[in-house]
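A short write-up of the structure that comes next.
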Amino acid sequence: MTHSPASLILSRRRMLAAMLASTAAAATGLAPFAARAQDAGTPRPGGKLQMVAPFGSALQSLDPHATYESQDMAVSKAFHRSLYNWDSATNSVVLELASEVKVSEDGKTFTYKLLDNIFFHNGRQMVADDVIWSYSRILAPGSSLSAISNLQNILGAQDYLDGKADHVAGLAKIDDMTFSITFESFADPGYLLFEAVTAILPREAVESGTFLSNPVGCGPFTFVEHIEGSRISGKKFDKYFKPGKPYADAIEFTITDDYSALDVAFRAGEVDATVLSENGYVMYAQDPDLSKGLIEIAEMFTRHMGMNLDMKPFDDVRVRQAINYAVDRDIIIEKLLKNKAFKAVGWLPTPSSGFDPDRKPYAFDPEKARALLAEAGLADGVSFEAWVTDATSSLGVLQAMTPFLAAVGITVTPKVVEAGVLVEAINKGEAPAWFRSNGTGPDPISALRSFDSRRPRSTNRAGFKDAAYDAMLDEAMATVDPAKRIELVKKADAYIFEQAPVWFHNYNKAVLATQPWVHGVDANVTEAAIIEVDQVWLDENAPSR
């Protein structure tokens, strides 16, 4: 069957998107997107977008395949494109680089026809070989690139990754503009292939030796300059494949994890849009002018304290459950996070199609926690070290947890590190415990793969190993009936909740602050900071004009 540009989304994907939207509204009372009245009107070209790359003091990499960090992917939106894209208007994945896709009857093979007007920044047209090379690069033997788990279900991917084959069997070129992807089992590739970690890159640029300092893609802006730990900029790509876009002539991202500095810059008109911290949210919401530009988003992220199950005491499920029972999360969310969060009742967040609104959270029950520790032979107490960044959502939350944990006999010591150091330590299995915000959408099965024992440490950071759980995911993946599939997903999520490989804290309520002269900012439930910059435009009042 062929899907024309007017009907690019598979019926199952449309149904899942509808379920996602209705679940989010029912569970949170928030619409994922709150458009401002002044966003109506004819887009005006020109000006320089002044955006932010928040959450860290420096980018991890300019190679989009190498980093799954939200900060890096926000920047990648300016320079790179993937086969699919996330459409915030419909809360669904849509084709981005192809005009149509044909799907085999068994739902395993997808044949794509590339758009014929896509060019890389070096002037060369994108062809099928570029797609196949980009995915093969991610799956290359010995690879540690971030999108391995996205592509591992492609036929022959594991054999290629293990060095047992000289190519990925499920990737096939039909002609210069046509290629196919065959999966091992039933799949929905849109959910796997829309993020920057699966961007399509030109081989010659990547292998030139200068790619990490001069990235080349097919996005709306061409790279101009990167001052590490400060900013990264680009200029309008005149051969961008979307007619009339981008609207802006240039773009510049401020790279920082300093929310106070972003607040000063925003109030001075030096930033067009920014994410807000908990304290910033309270201040902006109470301001009669600043509150007009707020966009509130029920985001697909689960904040948690991860635990290394290869280290004691976290190898005992009773200890992990005790930590979940020991802490009063309601007080932390209300007092520390200023209600900019929703209490977690599982790994899958409220906007997810696999979210179970009937599941109850871990109760605040210190007696239960003490009993579990006693059962684990730790009645005299236990201690551990938790790696954190110097942020409210990390160190701040740990400090708020500390007295609750101490009350049941658990002593925790913080180790404050930079975000990049933290990620490296987690991926190497060196951190005993840590605080992170994990992307948990939009595909619920991909999100639940965070605990799949067959996934690398960079994905399964807790080192959770449970064959029964792996089988649940496999059964869900092989089920074509979407309703049955969602029930299986809920079952797997409930199992993870009981096994408690993490301390389940909250689902993020993200808030964007936008200037009155900025229009077209979308509300991305998969990550609010990742803004579709090719559609943002500035009116005549923008200072950068």
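Residues are referred to by chain and number: the chain letter is A, B, ... according to the order shown in the structure tokens, the number counts from 1 in that chain, and ligands are numbered separately from 1 in the order shown.
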
* Would you list the contacts of region 292-294 of chain A as a list in words, taking every protein, DNA or RNA residue within 7 Å and counting only C-alpha atoms, but skipping same-chain residues closer than 2 positions in sequence? => Asp289, Leu290, Glu296, Val511, Leu512, Ala513, Thr514, Gln515 and Pro516 of chain A

* To do: Please identify which residues in region 390-505 of chain A DSSP calls strand (DSSP E) from the backbone, and express them as a ChimeraX atom specification.
  => /A:410-416,433-439,502-505

Could you write out the selected residues, including N, CA and C atoms, as a PDB file, in the first residue's frame?
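Listed below is the output, result35.pdb:
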ATOM      1  N   ILE A 410      19.055   4.865  55.895  1.00  0.00           N
ATOM      2  CA  ILE A 410      19.830   4.941  54.659  1.00  0.00           C
ATOM      3  C   ILE A 410      20.611   6.251  54.638  1.00  0.00           C
ATOM      4  N   THR A 411      21.924   6.150  54.508  1.00  0.00           N
ATOM      5  CA  THR A 411      22.784   7.326  54.422  1.00  0.00           C
ATOM      6  C   THR A 411      23.260   7.488  52.987  1.00  0.00           C
ATOM      7  N   VAL A 412      23.045   8.658  52.418  1.00  0.00           N
ATOM      8  CA  VAL A 412      23.456   8.908  51.038  1.00  0.00           C
ATOM      9  C   VAL A 412      24.388  10.109  50.996  1.00  0.00           C
ATOM     10  N   THR A 413      25.465   9.969  50.235  1.00  0.00           N
ATOM     11  CA  THR A 413      26.458  11.030  50.093  1.00  0.00           C
ATOM     12  C   THR A 413      26.480  11.507  48.644  1.00  0.00           C
ATOM     13  N   PRO A 414      26.320  12.805  48.394  1.00  0.00           N
ATOM     14  CA  PRO A 414      26.336  13.290  47.013  1.00  0.00           C
ATOM     15  C   PRO A 414      27.744  13.442  46.460  1.00  0.00           C
ATOM     16  N   LYS A 415      27.916  13.174  45.186  1.00  0.00           N
ATOM     17  CA  LYS A 415      29.145  13.476  44.460  1.00  0.00           C
ATOM     18  C   LYS A 415      28.754  14.373  43.300  1.00  0.00           C
ATOM     19  N   VAL A 416      29.122  15.638  43.357  1.00  0.00           N
ATOM     20  CA  VAL A 416      28.702  16.627  42.364  1.00  0.00           C
ATOM     21  C   VAL A 416      29.702  16.655  41.215  1.00  0.00           C
ATOM     22  N   ALA A 433      24.808   5.342  42.046  1.00  0.00           N
ATOM     23  CA  ALA A 433      23.460   5.891  41.865  1.00  0.00           C
ATOM     24  C   ALA A 433      23.614   7.267  41.233  1.00  0.00           C
ATOM     25  N   TRP A 434      22.560   7.747  40.614  1.00  0.00           N
ATOM     26  CA  TRP A 434      22.663   9.016  39.889  1.00  0.00           C
ATOM     27  C   TRP A 434      21.277   9.606  39.680  1.00  0.00           C
ATOM     28  N   PHE A 435      21.244  10.880  39.375  1.00  0.00           N
ATOM     29  CA  PHE A 435      19.990  11.558  39.083  1.00  0.00           C
ATOM     30  C   PHE A 435      19.984  11.988  37.626  1.00  0.00           C
ATOM     31  N   ARG A 436      18.920  11.605  36.922  1.00  0.00           N
ATOM     32  CA  ARG A 436      18.804  11.953  35.501  1.00  0.00           C
ATOM     33  C   ARG A 436      17.338  12.134  35.147  1.00  0.00           C
ATOM     34  N   SER A 437      17.137  12.716  33.985  1.00  0.00           N
ATOM     35  CA  SER A 437      15.819  12.793  33.364  1.00  0.00           C
ATOM     36  C   SER A 437      15.904  11.995  32.081  1.00  0.00           C
ATOM     37  N   ASN A 438      15.130  10.926  31.984  1.00  0.00           N
ATOM     38  CA  ASN A 438      15.231   9.999  30.862  1.00  0.00           C
ATOM     39  C   ASN A 438      14.080  10.193  29.891  1.00  0.00           C
ATOM     40  N   GLY A 439      14.394  10.271  28.601  1.00  0.00           N
ATOM     41  CA  GLY A 439      13.346  10.336  27.593  1.00  0.00           C
ATOM     42  C   GLY A 439      12.531   9.060  27.619  1.00  0.00           C
ATOM     43  N   VAL A 502      14.831   1.926  39.539  1.00  0.00           N
ATOM     44  CA  VAL A 502      15.080   3.342  39.794  1.00  0.00           C
ATOM     45  C   VAL A 502      14.160   3.805  40.921  1.00  0.00           C
ATOM     46  N   TRP A 503      14.498   4.943  41.512  1.00  0.00           N
ATOM     47  CA  TRP A 503      13.553   5.638  42.384  1.00  0.00           C
ATOM     48  C   TRP A 503      12.694   6.501  41.479  1.00  0.00           C
ATOM     49  N   PHE A 504      11.407   6.166  41.414  1.00  0.00           N
ATOM     50  CA  PHE A 504      10.482   6.866  40.518  1.00  0.00           C
ATOM     51  C   PHE A 504      10.087   8.199  41.134  1.00  0.00           C
ATOM     52  N   HIS A 505      10.505   9.276  40.515  1.00  0.00           N
ATOM     53  CA  HIS A 505      10.241  10.598  41.091  1.00  0.00           C
ATOM     54  C   HIS A 505       9.086  11.301  40.389  1.00  0.00           C
TER      55      HIS A 505
END

* Structure fact -> Shortest contact to Glu228 (chain A), candidates A:Ala376, A:Ala500, A:Ala53, A:Ala169, atoms counted only C-alpha atoms, goes to A:Ala53

* Asked: Closest to Thr67 (chain A) among A:Tyr240, A:Ala199, A:Ala248, A:Asn85, using only C-alpha atoms?
  -> A:Ala199

* Polymer residues at most 7 Å from Asp539 (chain A), only C-alpha atoms, same-chain spacing of 5 or more positions, as a PyMOL selection string -> chain A and resi 44+517-518

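Remark: for Glu532 (chain A), the closest of the candidate residues A:Gly520, A:Thr479, A:Val101, A:Ser213 is A:Gly520 (distances computed over only C-alpha atoms).
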
* **alpha helix (DSSP H) per DSSP on the backbone: members of region 289-433 of chain A, as an MDAnalysis selection string** => chainID A and resid 317:326 329:331 366:375 397:407 419:427

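By only C-alpha atoms, and with residues fewer than 4 positions from Ala326 (chain A) along its chain excluded, the set lying at most 7 Å from it is Ala322, Phe364, Asp365, Pro366, Ala369, Phe404, Leu405 and Val408 of chain A.
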
Please produce a file of the residues just selected, as a compact mmCIF listing (two decimals), in the first residue's frame, where the atoms kept are N, CA, C and O atoms.
# COMPACT_ATOMS: atom_id res chain seq x y z
N ALA A 322 12.44 -0.17 49.10
CA ALA A 322 12.49 0.59 50.34
C ALA A 322 12.76 2.07 50.07
O ALA A 322 12.15 2.95 50.68
N PHE A 364 4.10 6.98 50.55
CA PHE A 364 5.10 7.40 51.53
C PHE A 364 4.86 6.57 52.79
O PHE A 364 3.91 6.81 53.54
N ASP A 365 5.70 5.55 52.99
CA ASP A 365 5.47 4.58 54.06
C ASP A 365 6.81 4.20 54.69
O ASP A 365 7.41 3.17 54.35
N PRO A 366 7.33 5.02 55.61
CA PRO A 366 8.63 4.72 56.23
C PRO A 366 8.68 3.37 56.93
O PRO A 366 9.72 2.69 56.91
N ALA A 369 9.31 0.78 54.43
CA ALA A 369 10.71 0.87 53.99
C ALA A 369 11.63 0.19 54.99
O ALA A 369 12.54 -0.58 54.61
N PHE A 404 14.60 11.98 54.65
CA PHE A 404 13.64 10.87 54.58
C PHE A 404 14.37 9.53 54.58
O PHE A 404 13.96 8.58 55.26
N LEU A 405 15.47 9.46 53.80
CA LEU A 405 16.24 8.22 53.75
C LEU A 405 16.91 7.96 55.10
O LEU A 405 16.94 6.81 55.58
N VAL A 408 14.98 6.11 57.81
CA VAL A 408 14.78 4.66 57.73
C VAL A 408 16.11 3.91 57.77
O VAL A 408 16.16 2.69 57.57

* Identify which of the residues A:Pro215, A:Gly269, A:Gly156, A:Gly142 lies closest to His80 (chain A), counting only C-alpha atoms when measuring atom-to-atom distances. =>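 Looking only at the distances to His80 (chain A), the closest residue turns out to be A:Pro215.
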
* Restricting the calculation to only C-alpha atoms, which member of A:Phe253, A:Tyr284, A:Phe342, A:Phe110 is positioned closest to Ile530 (chain A)? -> A:Phe253

* To do: Determine the nearest neighbour of Ile295 (chain A) from the options A:Asp522, A:Leu336, A:Ala386, A:Pro361, counting only C-alpha atoms.
  => A:Asp522

* Asked: Neighbours of region 426-429 of chain A within 8 Å (only C-alpha atoms; same-chain residues fewer than 5 positions away dropped), as an NGL selection string?
  -> :A and (308 or 434 or 457-458 or 461)

With C-alpha atoms kept, could you save the residues just selected as an mmCIF file, in the first residue's frame?
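Heads up, here's the output in again.cif:
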data_model
loop_
_atom_site.group_PDB
_atom_site.id
_atom_site.type_symbol
_atom_site.label_atom_id
_atom_site.label_comp_id
_atom_site.auth_asym_id
_atom_site.auth_seq_id
_atom_site.Cartn_x
_atom_site.Cartn_y
_atom_site.Cartn_z
ATOM 1 C CA ASN A 308 23.507 0.431 39.484
ATOM 2 C CA TRP A 434 22.663 9.016 39.889
ATOM 3 C CA ARG A 457 24.908 0.073 29.217
ATOM 4 C CA SER A 458 24.378 3.374 27.404
ATOM 5 C CA ARG A 461 21.971 2.213 32.493
#

* To do: Considering only C-alpha atoms, return as an MDAnalysis selection string whatever protein or nucleic-acid residues lie within 9 Å of region 128-130 of chain A, sequence-local ones (same chain, fewer than 5 positions apart) excluded.
  => chainID A and resid 113:114 135 172:179 200:203

* Write out as a list in words which residues come within 10 Å of Ala468 (chain A) when counting only C-alpha atoms, dropping same-chain ones fewer than 4 positions away. =>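 The filter keeps Met472, Leu473, Asp474, Ala492 and Tyr495 of chain A.
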
* Could you work out how far CA of Ile232 (chain A) lies from CA of Met283 (chain A), giving the answer in Å with one decimal? ->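 It comes out at 28.5 Å.
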